[in-house]
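Pasting input27.cif here (mmCIF, C-alpha atoms):
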data_query
#
loop_
_atom_site.label_atom_id
_atom_site.label_comp_id
_atom_site.auth_asym_id
_atom_site.auth_seq_id
_atom_site.Cartn_x
_atom_site.Cartn_y
_atom_site.Cartn_z
CA MET A 1350 0.00 0.00 0.00
CA GLN A 1351 1.42 3.31 -1.06
CA LYS A 1352 -0.42 6.56 -0.41
CA ILE A 1353 -3.15 6.01 2.18
CA THR A 1354 -5.70 8.54 3.43
CA VAL A 1355 -8.15 7.89 6.27
CA THR A 1356 -11.06 10.27 6.80
CA GLY A 1357 -12.51 10.86 10.26
CA LEU A 1358 -14.67 13.54 11.85
CA ARG A 1359 -13.29 17.03 12.45
CA ALA A 1360 -14.82 17.27 15.92
CA VAL A 1361 -16.88 15.04 18.23
CA PRO A 1362 -18.69 15.52 21.55
CA PRO A 1363 -16.89 14.17 24.64
CA PHE A 1364 -18.97 10.96 24.82
CA ALA A 1365 -17.74 9.98 21.34
CA LEU A 1366 -14.03 10.60 21.92
CA GLY A 1367 -12.16 7.45 20.98
CA LEU A 1368 -15.29 5.79 19.61
CA VAL A 1369 -15.52 7.13 16.05
CA ARG A 1370 -14.96 4.42 13.48
CA ASP A 1371 -11.89 5.85 11.76
CA LEU A 1372 -10.14 4.49 14.89
CA ARG A 1373 -10.64 0.96 13.52
CA VAL A 1374 -8.87 1.80 10.32
CA ARG A 1375 -6.03 3.68 12.04
CA TRP A 1376 -5.52 0.73 14.38
CA ALA A 1377 -5.44 -1.81 11.54
CA LEU A 1378 -2.90 0.37 9.72
CA GLU A 1379 -0.76 0.62 12.85
CA GLU A 1380 -0.82 -3.16 13.34
CA ALA A 1381 0.17 -3.64 9.71
CA GLY A 1382 2.85 -0.95 9.90
CA PHE A 1383 1.44 1.14 7.05
CA ALA A 1384 1.88 4.92 7.22
CA TYR A 1385 -1.17 7.05 6.42
CA ASP A 1386 -2.46 10.58 6.21
CA SER A 1387 -5.66 11.67 7.89
CA ASP A 1388 -8.21 14.04 6.54
CA MET A 1389 -10.98 15.25 8.82
CA VAL A 1390 -14.46 16.07 7.58
CA ALA A 1391 -16.98 18.35 9.27
CA VAL A 1392 -20.27 16.99 10.60
CA GLY A 1393 -23.38 18.13 8.74
CA GLU A 1394 -22.02 20.33 5.98
CA GLU A 1395 -19.14 18.76 4.04
CA ARG A 1396 -20.56 15.33 4.79
CA ASP A 1397 -23.71 16.11 2.82
CA GLN A 1398 -21.90 17.54 -0.19
CA PRO A 1399 -21.76 15.49 -3.41
CA ALA A 1400 -17.95 15.46 -3.31
CA TYR A 1401 -17.92 13.64 0.02
CA ARG A 1402 -20.93 11.47 -0.77
CA ALA A 1403 -19.06 10.21 -3.82
CA ARG A 1404 -16.48 8.84 -1.39
CA GLN A 1405 -18.88 7.73 1.36
CA PRO A 1406 -22.47 7.40 0.05
CA PHE A 1407 -24.05 7.55 3.53
CA GLY A 1408 -22.06 10.65 4.56
CA MET A 1409 -20.46 8.78 7.44
CA VAL A 1410 -16.87 8.08 8.43
CA PRO A 1411 -14.47 6.48 7.81
CA ALA A 1412 -13.73 6.95 4.16
CA PHE A 1413 -10.47 5.54 2.83
CA GLU A 1414 -8.27 6.01 -0.17
CA VAL A 1415 -5.35 3.90 -1.26
CA ASP A 1416 -3.53 3.89 -4.58
CA GLY A 1417 -6.53 5.32 -6.47
CA LEU A 1418 -9.11 3.09 -4.77
CA THR A 1419 -11.81 4.83 -2.73
CA LEU A 1420 -13.52 2.64 -0.16
CA PHE A 1421 -16.13 2.99 2.60
CA GLU A 1422 -17.47 0.85 5.49
CA SER A 1423 -14.98 0.22 8.26
CA GLY A 1424 -15.37 -3.56 7.90
CA ALA A 1425 -14.45 -3.53 4.22
CA ILE A 1426 -11.57 -1.10 4.76
CA VAL A 1427 -10.08 -3.14 7.60
CA HIS A 1428 -10.44 -6.27 5.46
CA ARG A 1429 -8.61 -4.61 2.57
CA ILE A 1430 -5.75 -3.66 4.88
CA ALA A 1431 -5.74 -7.18 6.36
CA GLU A 1432 -5.39 -8.69 2.89
CA GLU A 1433 -2.05 -6.88 2.70
CA SER A 1434 -0.67 -7.89 6.07
CA GLU A 1435 -0.35 -11.18 7.91
CA ALA A 1436 -0.30 -9.12 11.11
CA LEU A 1437 -4.10 -8.95 10.66
CA MET A 1438 -5.09 -12.10 8.81
CA PRO A 1439 -3.46 -15.46 8.09
CA ALA A 1440 -2.61 -16.31 4.50
CA ASP A 1441 -4.58 -19.54 4.22
CA ARG A 1442 -8.01 -19.41 2.71
CA ASP A 1443 -10.02 -21.08 5.49
CA GLY A 1444 -8.23 -18.97 8.07
CA ARG A 1445 -9.29 -15.87 6.16
CA SER A 1446 -12.90 -17.04 6.08
CA HIS A 1447 -12.86 -17.49 9.85
CA VAL A 1448 -11.49 -13.98 10.31
CA LEU A 1449 -14.22 -12.56 8.08
CA ALA A 1450 -16.86 -14.54 10.01
CA TRP A 1451 -15.79 -12.91 13.28
CA MET A 1452 -15.54 -9.51 11.56
CA PHE A 1453 -19.19 -9.84 10.50
CA ALA A 1454 -20.06 -11.17 13.97
CA ALA A 1455 -18.64 -7.96 15.45
CA LEU A 1456 -20.45 -5.66 13.02
CA ASN A 1457 -23.71 -7.52 12.39
CA THR A 1458 -24.36 -9.54 15.57
CA VAL A 1459 -22.79 -7.48 18.37
CA GLU A 1460 -22.58 -3.87 17.17
CA PRO A 1461 -26.31 -3.43 16.39
CA GLN A 1462 -27.12 -4.35 20.00
CA CYS A 1463 -24.53 -1.85 21.27
CA GLN A 1464 -26.04 0.81 19.04
CA ALA A 1465 -29.48 -0.01 20.41
CA LEU A 1466 -28.14 0.69 23.90
CA LEU A 1467 -26.47 3.93 22.80
CA ALA A 1468 -29.85 5.02 21.36
CA VAL A 1469 -31.53 4.24 24.68
CA ASP A 1470 -28.86 5.80 26.90
CA PHE A 1471 -27.92 8.90 24.87
CA GLN A 1472 -30.66 9.75 22.35
CA GLY A 1473 -33.28 8.57 24.81
CA ALA A 1474 -31.69 9.97 27.98
CA GLY A 1475 -34.46 10.90 30.43
CA GLU A 1476 -37.19 9.74 28.06
CA ASP A 1477 -39.96 7.42 28.99
CA TRP A 1478 -39.55 5.07 26.00
CA ALA A 1479 -35.88 4.55 26.87
CA ARG A 1480 -36.67 3.58 30.46
CA GLN A 1481 -39.24 1.05 29.24
CA ARG A 1482 -37.05 -0.32 26.49
CA ARG A 1483 -33.73 -0.60 28.32
CA PRO A 1484 -34.17 -3.96 30.11
CA ALA A 1485 -34.85 -5.84 26.86
CA VAL A 1486 -31.81 -4.28 25.19
CA ILE A 1487 -29.61 -5.17 28.16
CA GLU A 1488 -30.91 -8.74 28.10
CA VAL A 1489 -29.89 -9.26 24.47
CA LEU A 1490 -26.52 -7.60 25.04
CA ASN A 1491 -25.81 -9.85 28.01
CA ALA A 1492 -26.63 -12.89 25.87
CA ARG A 1493 -24.13 -11.72 23.23
CA LEU A 1494 -21.47 -11.04 25.88
CA ALA A 1495 -22.03 -14.50 27.36
CA VAL A 1496 -21.24 -16.04 23.95
CA LEU A 1497 -18.07 -13.96 23.71
CA ALA A 1498 -17.10 -15.01 27.24
CA ASP A 1499 -17.48 -18.69 26.25
CA ARG A 1500 -15.47 -18.09 23.12
CA LEU A 1501 -12.68 -16.32 25.01
CA GLN A 1502 -12.39 -18.98 27.70
CA GLY A 1503 -8.81 -20.11 27.33
CA ARG A 1504 -8.22 -17.92 24.27
CA GLU A 1505 -6.37 -14.61 24.12
CA TYR A 1506 -8.17 -13.50 20.99
CA LEU A 1507 -11.30 -14.51 19.03
CA LEU A 1508 -9.19 -16.82 16.89
CA ASP A 1509 -5.92 -18.51 17.79
CA ARG A 1510 -3.98 -15.26 17.28
CA PHE A 1511 -4.70 -11.53 17.02
CA THR A 1512 -6.56 -10.67 13.80
CA ALA A 1513 -8.63 -7.97 12.12
CA ALA A 1514 -11.67 -9.47 13.86
CA ASP A 1515 -10.23 -8.32 17.20
CA VAL A 1516 -9.81 -4.80 15.82
CA LEU A 1517 -13.53 -4.69 15.06
CA MET A 1518 -14.78 -6.52 18.17
CA THR A 1519 -12.71 -4.35 20.51
CA THR A 1520 -13.92 -1.10 18.98
CA VAL A 1521 -17.50 -2.42 19.13
CA LEU A 1522 -17.21 -3.40 22.81
CA ARG A 1523 -15.88 0.10 23.57
CA PHE A 1524 -19.39 1.40 22.76
CA LEU A 1525 -20.40 -0.09 26.13
CA ARG A 1526 -17.81 1.82 28.16
CA HIS A 1527 -20.48 4.00 29.83
CA THR A 1528 -21.88 0.82 31.46
CA ASP A 1529 -20.55 -2.01 33.64
CA LEU A 1530 -21.84 -4.69 31.24
CA VAL A 1531 -18.44 -5.90 30.04
CA ALA A 1532 -17.14 -6.03 33.61
CA GLY A 1533 -19.83 -8.64 34.27
CA PHE A 1534 -17.96 -11.05 31.99
CA PRO A 1535 -14.35 -11.30 33.24
CA ALA A 1536 -13.11 -13.14 30.14
CA VAL A 1537 -14.49 -10.39 27.90
CA ASP A 1538 -13.25 -7.66 30.19
CA ALA A 1539 -9.72 -9.12 30.17
CA TYR A 1540 -9.88 -9.51 26.38
CA LEU A 1541 -10.92 -5.90 25.88
CA LYS A 1542 -8.13 -4.65 28.13
CA ARG A 1543 -5.62 -6.95 26.41
CA CYS A 1544 -6.54 -5.57 23.00
CA GLU A 1545 -6.63 -1.95 24.15
CA ALA A 1546 -3.17 -2.40 25.69
CA ARG A 1547 -1.64 -3.21 22.31
CA PRO A 1548 0.85 -0.50 21.31
CA ALA A 1549 -0.76 -0.21 17.87
CA PHE A 1550 -4.14 0.54 19.47
CA GLN A 1551 -2.60 3.17 21.73
CA ARG A 1552 -0.87 4.82 18.77
CA ALA A 1553 -4.12 4.89 16.80
CA LEU A 1554 -6.04 6.38 19.71
CA ALA A 1555 -3.38 9.04 20.24
CA ALA A 1556 -3.32 9.91 16.54
CA GLN A 1557 -7.09 10.32 16.44
CA ALA A 1558 -6.99 12.54 19.56
CA ALA A 1559 -4.13 14.58 18.08
CA ASP A 1560 -6.19 15.23 14.96
CA TYR A 1561 -9.12 16.50 17.06
CA ALA A 1562 -6.73 18.76 18.96
CA ARG A 1563 -5.20 20.10 15.74
CA GLU A 1564 -8.63 20.77 14.24
CA ALA A 1565 -9.74 22.55 17.41
CA VAL A 1566 -6.76 24.89 17.24
CA ALA A 1567 -7.37 25.55 13.54
CA ALA A 1568 -11.07 26.29 14.06
CA MET B 151 -17.13 -26.42 -3.79
CA GLN B 152 -18.03 -30.03 -3.21
CA LYS B 153 -20.31 -31.09 -0.39
CA ILE B 154 -22.24 -28.06 0.91
CA THR B 155 -24.68 -27.95 3.82
CA VAL B 156 -26.75 -24.90 4.77
CA THR B 157 -28.49 -24.82 8.14
CA GLY B 158 -31.74 -22.91 8.61
CA LEU B 159 -34.54 -22.98 11.16
CA ARG B 160 -36.90 -25.94 11.37
CA ALA B 161 -39.99 -23.76 11.76
CA VAL B 162 -40.77 -20.03 11.81
CA PRO B 163 -43.84 -17.93 12.59
CA PRO B 164 -45.73 -16.52 9.56
CA PHE B 165 -44.18 -13.03 9.85
CA ALA B 166 -40.70 -14.54 9.38
CA LEU B 167 -41.47 -16.71 6.34
CA GLY B 168 -38.97 -15.86 3.63
CA LEU B 169 -36.97 -13.60 5.96
CA VAL B 170 -34.67 -16.03 7.80
CA ARG B 171 -31.06 -15.55 6.85
CA ASP B 172 -30.33 -18.98 5.40
CA LEU B 173 -32.23 -17.54 2.41
CA ARG B 174 -29.19 -15.35 1.66
CA VAL B 175 -26.92 -18.34 1.47
CA ARG B 176 -29.34 -20.43 -0.59
CA TRP B 177 -29.74 -17.54 -3.03
CA ALA B 178 -25.99 -17.04 -3.40
CA LEU B 179 -25.58 -20.77 -4.04
CA GLU B 180 -28.35 -20.70 -6.66
CA GLU B 181 -26.74 -17.73 -8.43
CA ALA B 182 -23.40 -19.55 -8.42
CA GLY B 183 -24.97 -22.81 -9.55
CA PHE B 184 -23.70 -24.84 -6.58
CA ALA B 185 -25.87 -27.71 -5.31
CA TYR B 186 -26.36 -27.97 -1.55
CA ASP B 187 -28.08 -29.90 1.18
CA SER B 188 -30.12 -28.22 3.88
CA ASP B 189 -30.25 -29.15 7.50
CA MET B 190 -32.86 -27.54 9.71
CA VAL B 191 -32.28 -26.81 13.37
CA ALA B 192 -34.98 -26.36 16.03
CA VAL B 193 -35.42 -23.03 17.82
CA GLY B 194 -34.50 -23.03 21.49
CA GLU B 195 -33.31 -26.57 22.13
CA GLU B 196 -30.80 -27.83 19.56
CA ARG B 197 -29.62 -24.26 19.03
CA ASP B 198 -28.41 -24.03 22.61
CA GLN B 199 -26.60 -27.36 22.61
CA PRO B 200 -22.79 -27.41 22.50
CA ALA B 201 -22.82 -29.38 19.23
CA TYR B 202 -24.66 -26.58 17.43
CA ARG B 203 -22.85 -23.77 19.25
CA ALA B 204 -19.58 -25.24 17.99
CA ARG B 205 -20.87 -24.55 14.48
CA GLN B 206 -22.62 -21.23 15.21
CA PRO B 207 -21.40 -19.67 18.49
CA PHE B 208 -24.43 -17.37 18.84
CA GLY B 209 -26.93 -20.19 18.27
CA MET B 210 -28.34 -18.43 15.23
CA VAL B 211 -28.76 -19.41 11.58
CA PRO B 212 -27.36 -19.83 9.03
CA ALA B 213 -24.51 -22.20 9.68
CA PHE B 214 -22.61 -23.51 6.70
CA GLU B 215 -20.30 -26.38 5.92
CA VAL B 216 -18.22 -26.92 2.83
CA ASP B 217 -15.40 -29.37 2.28
CA GLY B 218 -14.60 -29.61 6.00
CA LEU B 219 -14.86 -25.87 6.70
CA THR B 220 -17.55 -24.77 9.15
CA LEU B 221 -18.57 -21.14 8.86
CA PHE B 222 -21.11 -18.77 10.40
CA GLU B 223 -22.41 -15.21 9.74
CA SER B 224 -24.39 -14.85 6.53
CA GLY B 225 -22.07 -12.10 5.28
CA ALA B 226 -18.98 -14.26 5.60
CA ILE B 227 -20.69 -17.30 4.09
CA VAL B 228 -21.99 -15.37 1.09
CA HIS B 229 -18.50 -13.89 0.61
CA ARG B 230 -16.92 -17.35 0.67
CA ILE B 231 -19.36 -18.53 -2.01
CA ALA B 232 -18.74 -15.35 -4.02
CA GLU B 233 -14.99 -16.00 -3.98
CA GLU B 234 -15.76 -19.17 -5.95
CA SER B 235 -18.07 -17.67 -8.55
CA GLU B 236 -17.86 -14.65 -10.82
CA ALA B 237 -21.67 -14.73 -10.88
CA LEU B 238 -21.42 -13.02 -7.47
CA MET B 239 -18.17 -11.06 -7.49
CA PRO B 240 -15.76 -9.85 -10.16
CA ALA B 241 -12.25 -11.32 -10.22
CA ASP B 242 -10.31 -8.05 -9.90
CA ARG B 243 -9.14 -6.99 -6.50
CA ASP B 244 -10.60 -3.47 -6.37
CA GLY B 245 -13.90 -4.80 -7.69
CA ARG B 246 -13.95 -7.30 -4.83
CA SER B 247 -13.29 -4.57 -2.29
CA HIS B 248 -16.24 -2.57 -3.65
CA VAL B 249 -18.50 -5.62 -3.36
CA LEU B 250 -17.40 -6.17 0.23
CA ALA B 251 -18.00 -2.48 1.01
CA TRP B 252 -21.63 -2.76 -0.12
CA MET B 253 -21.99 -6.09 1.70
CA PHE B 254 -20.96 -4.38 4.93
CA ALA B 255 -23.19 -1.41 4.06
CA ALA B 256 -26.13 -3.82 3.86
CA LEU B 257 -25.33 -5.58 7.12
CA ASN B 258 -23.83 -2.78 9.23
CA THR B 259 -25.45 0.43 7.95
CA VAL B 260 -28.91 -0.64 6.72
CA GLU B 261 -29.83 -3.88 8.51
CA PRO B 262 -29.44 -2.55 12.09
CA GLN B 263 -32.01 0.16 11.30
CA CYS B 264 -34.38 -2.45 9.86
CA GLN B 265 -33.93 -4.55 12.97
CA ALA B 266 -34.70 -1.50 15.11
CA LEU B 267 -38.01 -1.17 13.26
CA LEU B 268 -38.79 -4.87 13.64
CA ALA B 269 -38.21 -4.50 17.38
CA VAL B 270 -40.60 -1.56 17.48
CA ASP B 271 -43.29 -3.13 15.27
CA PHE B 272 -43.21 -6.76 16.46
CA GLN B 273 -41.57 -7.02 19.88
CA GLY B 274 -43.05 -3.66 20.85
CA ALA B 275 -46.47 -4.11 19.21
CA GLY B 276 -49.06 -2.23 21.24
CA GLU B 277 -46.48 -0.98 23.72
CA ASP B 278 -46.05 2.58 24.74
CA TRP B 279 -42.27 2.72 24.23
CA ALA B 280 -42.67 1.52 20.65
CA ARG B 281 -45.21 4.25 19.83
CA GLN B 282 -42.86 6.89 21.23
CA ARG B 283 -39.76 5.47 19.57
CA ARG B 284 -41.13 4.70 16.10
CA PRO B 285 -40.85 8.17 14.45
CA ALA B 286 -37.09 8.42 15.13
CA VAL B 287 -36.48 4.92 13.76
CA ILE B 288 -38.50 5.73 10.63
CA GLU B 289 -36.55 8.96 10.15
CA VAL B 290 -33.20 7.16 10.13
CA LEU B 291 -34.52 4.42 7.85
CA ASN B 292 -35.82 6.99 5.38
CA ALA B 293 -32.40 8.64 5.34
CA ARG B 294 -30.76 5.29 4.53
CA LEU B 295 -33.32 4.56 1.81
CA ALA B 296 -32.73 8.01 0.30
CA VAL B 297 -29.03 7.18 -0.06
CA LEU B 298 -29.89 3.88 -1.74
CA ALA B 299 -32.31 5.69 -4.07
CA ASP B 300 -29.52 8.08 -5.10
CA ARG B 301 -27.16 5.19 -5.61
CA LEU B 302 -29.67 3.26 -7.73
CA GLN B 303 -30.54 6.22 -9.95
CA GLY B 304 -29.57 4.93 -13.39
CA ARG B 305 -28.16 1.69 -11.98
CA GLU B 306 -29.79 -1.74 -12.04
CA TYR B 307 -27.74 -2.96 -9.10
CA LEU B 308 -25.58 -1.44 -6.34
CA LEU B 309 -22.51 -1.88 -8.52
CA ASP B 310 -22.35 -2.01 -12.31
CA ARG B 311 -23.64 -5.60 -12.32
CA PHE B 312 -25.41 -8.02 -9.98
CA THR B 313 -23.17 -9.07 -7.08
CA ALA B 314 -23.20 -10.65 -3.64
CA ALA B 315 -23.91 -7.16 -2.25
CA ASP B 316 -27.34 -7.27 -3.93
CA VAL B 317 -28.05 -10.64 -2.30
CA LEU B 318 -27.50 -9.07 1.11
CA MET B 319 -29.17 -5.69 0.44
CA THR B 320 -32.27 -7.32 -1.03
CA THR B 321 -32.73 -9.68 1.89
CA VAL B 322 -32.20 -6.75 4.28
CA LEU B 323 -34.79 -4.57 2.53
CA ARG B 324 -37.27 -7.43 2.74
CA PHE B 325 -37.33 -6.86 6.52
CA LEU B 326 -39.38 -3.74 5.72
CA ARG B 327 -42.10 -5.59 3.79
CA HIS B 328 -44.71 -4.98 6.53
CA THR B 329 -44.40 -1.23 5.81
CA ASP B 330 -44.71 1.07 2.78
CA LEU B 331 -41.26 2.61 3.38
CA VAL B 332 -39.55 1.12 0.32
CA ALA B 333 -42.49 2.12 -1.88
CA GLY B 334 -41.69 5.73 -0.98
CA PHE B 335 -38.45 5.43 -2.96
CA PRO B 336 -39.34 4.24 -6.48
CA ALA B 337 -35.72 3.51 -7.45
CA VAL B 338 -35.30 1.27 -4.39
CA ASP B 339 -38.71 -0.32 -4.91
CA ALA B 340 -37.85 -1.18 -8.52
CA TYR B 341 -34.45 -2.51 -7.45
CA LEU B 342 -35.96 -4.75 -4.80
CA LYS B 343 -38.52 -6.14 -7.27
CA ARG B 344 -35.80 -6.61 -9.91
CA CYS B 345 -33.67 -8.64 -7.51
CA GLU B 346 -36.58 -10.66 -6.16
CA ALA B 347 -37.61 -11.50 -9.72
CA ARG B 348 -34.30 -13.26 -10.40
CA PRO B 349 -34.87 -16.98 -11.00
CA ALA B 350 -32.14 -17.86 -8.49
CA PHE B 351 -33.92 -15.87 -5.77
CA GLN B 352 -37.22 -17.56 -6.57
CA ARG B 353 -35.60 -20.99 -6.42
CA ALA B 354 -33.99 -20.20 -3.07
CA LEU B 355 -37.27 -18.93 -1.63
CA ALA B 356 -39.11 -22.02 -2.85
CA ALA B 357 -36.44 -24.34 -1.43
CA GLN B 358 -36.63 -22.66 1.98
CA ALA B 359 -40.44 -22.91 1.97
CA ALA B 360 -40.26 -26.56 0.89
CA ASP B 361 -37.99 -27.33 3.85
CA TYR B 362 -40.47 -25.73 6.25
CA ALA B 363 -43.27 -27.79 4.70
CA ARG B 364 -41.26 -31.00 4.94
CA GLU B 365 -40.37 -30.34 8.57
CA ALA B 366 -44.02 -29.59 9.38
CA VAL B 367 -45.09 -32.95 7.93
CA ALA B 368 -42.33 -34.76 9.83
CA ALA B 369 -43.24 -33.09 13.16
#
Would you kindly transcribe this structure into structure tokens?
Amino acid sequence: MQKITVTGLRAVPPFALGLVRDLRVRWALEEAGFAYDSDMVAVGEERDQPAYRARQPFGMVPAFEVDGLTLFESGAIVHRIAEESEALMPADRDGRSHVLAWMFAALNTVEPQCQALLAVDFQGAGEDWARQRRPAVIEVLNARLAVLADRLQGREYLLDRFTAADVLMTTVLRFLRHTDLVAGFPAVDAYLKRCEARPAFQRALAAQAADYAREAVAA
Amino acid sequence: MQKITVTGLRAVPPFALGLVRDLRVRWALEEAGFAYDSDMVAVGEERDQPAYRARQPFGMVPAFEVDGLTLFESGAIVHRIAEESEALMPADRDGRSHVLAWMFAALNTVEPQCQALLAVDFQGAGEDWARQRRPAVIEVLNARLAVLADRLQGREYLLDRFTAADVLMTTVLRFLRHTDLVAGFPAVDAYLKRCEARPAFQRALAAQAADYAREAVAA
């Protein structure tokens, strides 16, 4: 991979610091050892312009460019990076399928439930519907976390080594950081801390924070 | 691909007929022209047993077996099939990345919003929280559908030809069939009908229904 650009948000509210999805891409790049440039887009103006929508049809982040290819969806971007680096995905075909299975598990089976809780706890803060809805959302989330706890019994990572699936699952589980749900499953809690302790994760987090700081000064 | 087995549910309530996710896998296999066996699992008993959880950790469907590989997550399974057939994915690397981007868009950007509406309209039927919550869910869904409508302006499929991404997006949009939301976006409505009219989709749907009928007779 030659010239790489990752697009994140120019500014975020405090509750979203370290949660925005360009972090996934930065982390994957750090694990793979690929240098990149970042390019921050403003919420609500630039994001709705045709120029940005041509890169990211839904007006979200991240967007990604590499060697003339423009790509969106954090899962697809992380997979593309993983194809280039055995630090993120083994070379054998079945091994790659297993990594992709756990990548989809993170984004299609676990993340939607986390998003449902974020809707309840942030969008719905203080609202009646959120109070009524919360127990059912928590119940499903606990069921998902119990599966992860089983999976992580005796394993350091989702598969037999660190992979791109851990990049996605970790950043998904971070959406629960305003709760004590993960702490209720010691194997998951230890896994999350193990992944977050990786130097590549820490570099990615610092780089994202540095971009917010730079944008704040420029504004 | 030699010996293929797709696992679906043994029985479903009427509202879920033609919506369960083994349909995605059956459809992909039909497009690719790969024969398969089906194997139906019971809700709530077999699904919680260790033998099934070893194949599908979350106890969901589909599960998939091919040539000794066991795989879960419909997105990953459809991708594995697509790797074997240009009917579902072009051979060039950037083309494959674009297909995967739209596969993740279907399962991570559109499906969670559809699931949020199913929770409101089925789980929450007649409940106060669902009445209060529904407008916000509809608003987000309409925003997603508007992006798809833009994308499909002048295009028959999400990319410049039918791909695995259309298999996933179509089966996701079908989760909205109890509403008139898709009808509000003629380009999306026409796309959905175009995809559902494909002979491979019709064969997959019929095969899933035939399995339900066979299981009902056997019960």
Take the PyMOL selection byres ((chain A) within 8 of (chain B)), apply it to the structure above, and return the hits as a short mmCIF file (atom, residue, chain, number, x, y, z; two decimals) with C-alpha atoms, in the coordinates of the input.
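Okay, part39.cif is ready:
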data_model
loop_
_atom_site.label_atom_id
_atom_site.label_comp_id
_atom_site.auth_asym_id
_atom_site.auth_seq_id
_atom_site.Cartn_x
_atom_site.Cartn_y
_atom_site.Cartn_z
CA PRO A 1406 -22.47 7.40 0.05
CA PHE A 1407 -24.05 7.55 3.53
CA LEU A 1418 -9.11 3.09 -4.77
CA LEU A 1420 -13.52 2.64 -0.16
CA PHE A 1421 -16.13 2.99 2.60
CA GLU A 1422 -17.47 0.85 5.49
CA GLY A 1424 -15.37 -3.56 7.90
CA ALA A 1425 -14.45 -3.53 4.22
CA ILE A 1426 -11.57 -1.10 4.76
CA ARG A 1429 -8.61 -4.61 2.57
CA ASP A 1443 -10.02 -21.08 5.49
CA SER A 1446 -12.90 -17.04 6.08
CA HIS A 1447 -12.86 -17.49 9.85
CA LEU A 1449 -14.22 -12.56 8.08
CA ALA A 1450 -16.86 -14.54 10.01
CA TRP A 1451 -15.79 -12.91 13.28
CA PHE A 1453 -19.19 -9.84 10.50
CA ALA A 1454 -20.06 -11.17 13.97
CA LEU A 1456 -20.45 -5.66 13.02
CA ASN A 1457 -23.71 -7.52 12.39
CA PRO A 1461 -26.31 -3.43 16.39
CA ALA A 1465 -29.48 -0.01 20.41
CA ASP A 1477 -39.96 7.42 28.99
CA TRP A 1478 -39.55 5.07 26.00
CA ALA A 1479 -35.88 4.55 26.87
CA GLN A 1481 -39.24 1.05 29.24
CA ARG A 1482 -37.05 -0.32 26.49
CA ARG A 1493 -24.13 -11.72 23.23
CA VAL A 1496 -21.24 -16.04 23.95
CA ARG A 1500 -15.47 -18.09 23.12
#
Which polymer residues, whether protein, DNA or RNA, lie within 12 Å of the coordinate (-13.6, 21.3, 5.3) when you count all atoms listed in the file? List them as a ChimeraX atom specification, using the chain letters and numbers from the file.
/A:1356-1360,1388-1398,1400-1401,1564,1567-1568
So how far away is atom CA of Phe1524 of chain A from atom CA of Ser1434 of chain A, in Å?
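Going from atom CA of Ser1434 of chain A over to atom CA of Phe1524 of chain A covers 26.7 Å.
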Please compute the atom CA of Leu291 of chain B-atom CA of Cys264 of chain B distance, one decimal, in Å.
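Atom CA of Leu291 of chain B sits 7.2 Å away from atom CA of Cys264 of chain B.
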One number please: atom CA of Ala1532 of chain A to atom CA of Phe1471 of chain A, in Å, one decimal.
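For atom CA of Ala1532 of chain A relative to atom CA of Phe1471 of chain A, the distance reads 20.4 Å.
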Would you write out, as a PDB file with C-alpha atoms, keeping the file's coordinate frame, every residue that the PyMOL selection byres ((chain A and resi 1437) around 7) captures in this file?
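New file selection.pdb:
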ATOM      1  CA  ALA A1381       0.170  -3.640   9.710  1.00  0.00           C
ATOM      2  CA  ALA A1431      -5.740  -7.180   6.360  1.00  0.00           C
ATOM      3  CA  SER A1434      -0.670  -7.890   6.070  1.00  0.00           C
ATOM      4  CA  GLU A1435      -0.350 -11.180   7.910  1.00  0.00           C
ATOM      5  CA  ALA A1436      -0.300  -9.120  11.110  1.00  0.00           C
ATOM      6  CA  MET A1438      -5.090 -12.100   8.810  1.00  0.00           C
ATOM      7  CA  PHE A1511      -4.700 -11.530  17.020  1.00  0.00           C
ATOM      8  CA  THR A1512      -6.560 -10.670  13.800  1.00  0.00           C
ATOM      9  CA  ALA A1513      -8.630  -7.970  12.120  1.00  0.00           C
TER      10      ALA A1513
END
Return as a ChimeraX atom specification the set of residues that the PyMOL selection byres ((chain B and resi 179) around 10) yields on the displayed structure.
/B:154,156,173-178,180-186,228,231-232,235,237-238,350-351,354
Compare A:Ala1559, A:Val1361, A:Val1521, A:Leu1501 by their minimum atom-to-atom distance to Glu1545 of chain A, counting all atoms listed in the file, and give me the closest one.
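Going through A:Ala1559, A:Val1361, A:Val1521, A:Leu1501 one by one, the smallest distance to Glu1545 of chain A is for A:Val1521.
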Taking all atoms of segment 1401-1408 of chain A that the file lists and extending 4 Å past them on each side, where is the centre of the axis-aligned box and how long are its edges? Answer in Å to one decimal, as AutoDock Vina command-line options.
--center_x -20.3 --center_y 10.5 --center_z 0.4 --size_x 15.6 --size_y 14.2 --size_z 16.4
Just give me the residues with any atom within 12 Å of (-9.3, -1.6, 27.9), file coordinates, counting all atoms listed in the file, written as a ChimeraX atom specification.
/A:1367,1519-1520,1522-1526,1531-1532,1537-1547,1550-1551,1554
When distances are computed from only C-alpha atoms, which of A:Ala1468, A:Ala1474, A:Ala1556, A:Ala1365 shows the smallest separation from Ser1387 of chain A?
A:Ala1556
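Using only C-alpha atoms, the nearest neighbour of Leu1517 of chain A within the list A:Ala1536, A:Val1459, A:Ala1412, A:Ala1440 is A:Val1459.
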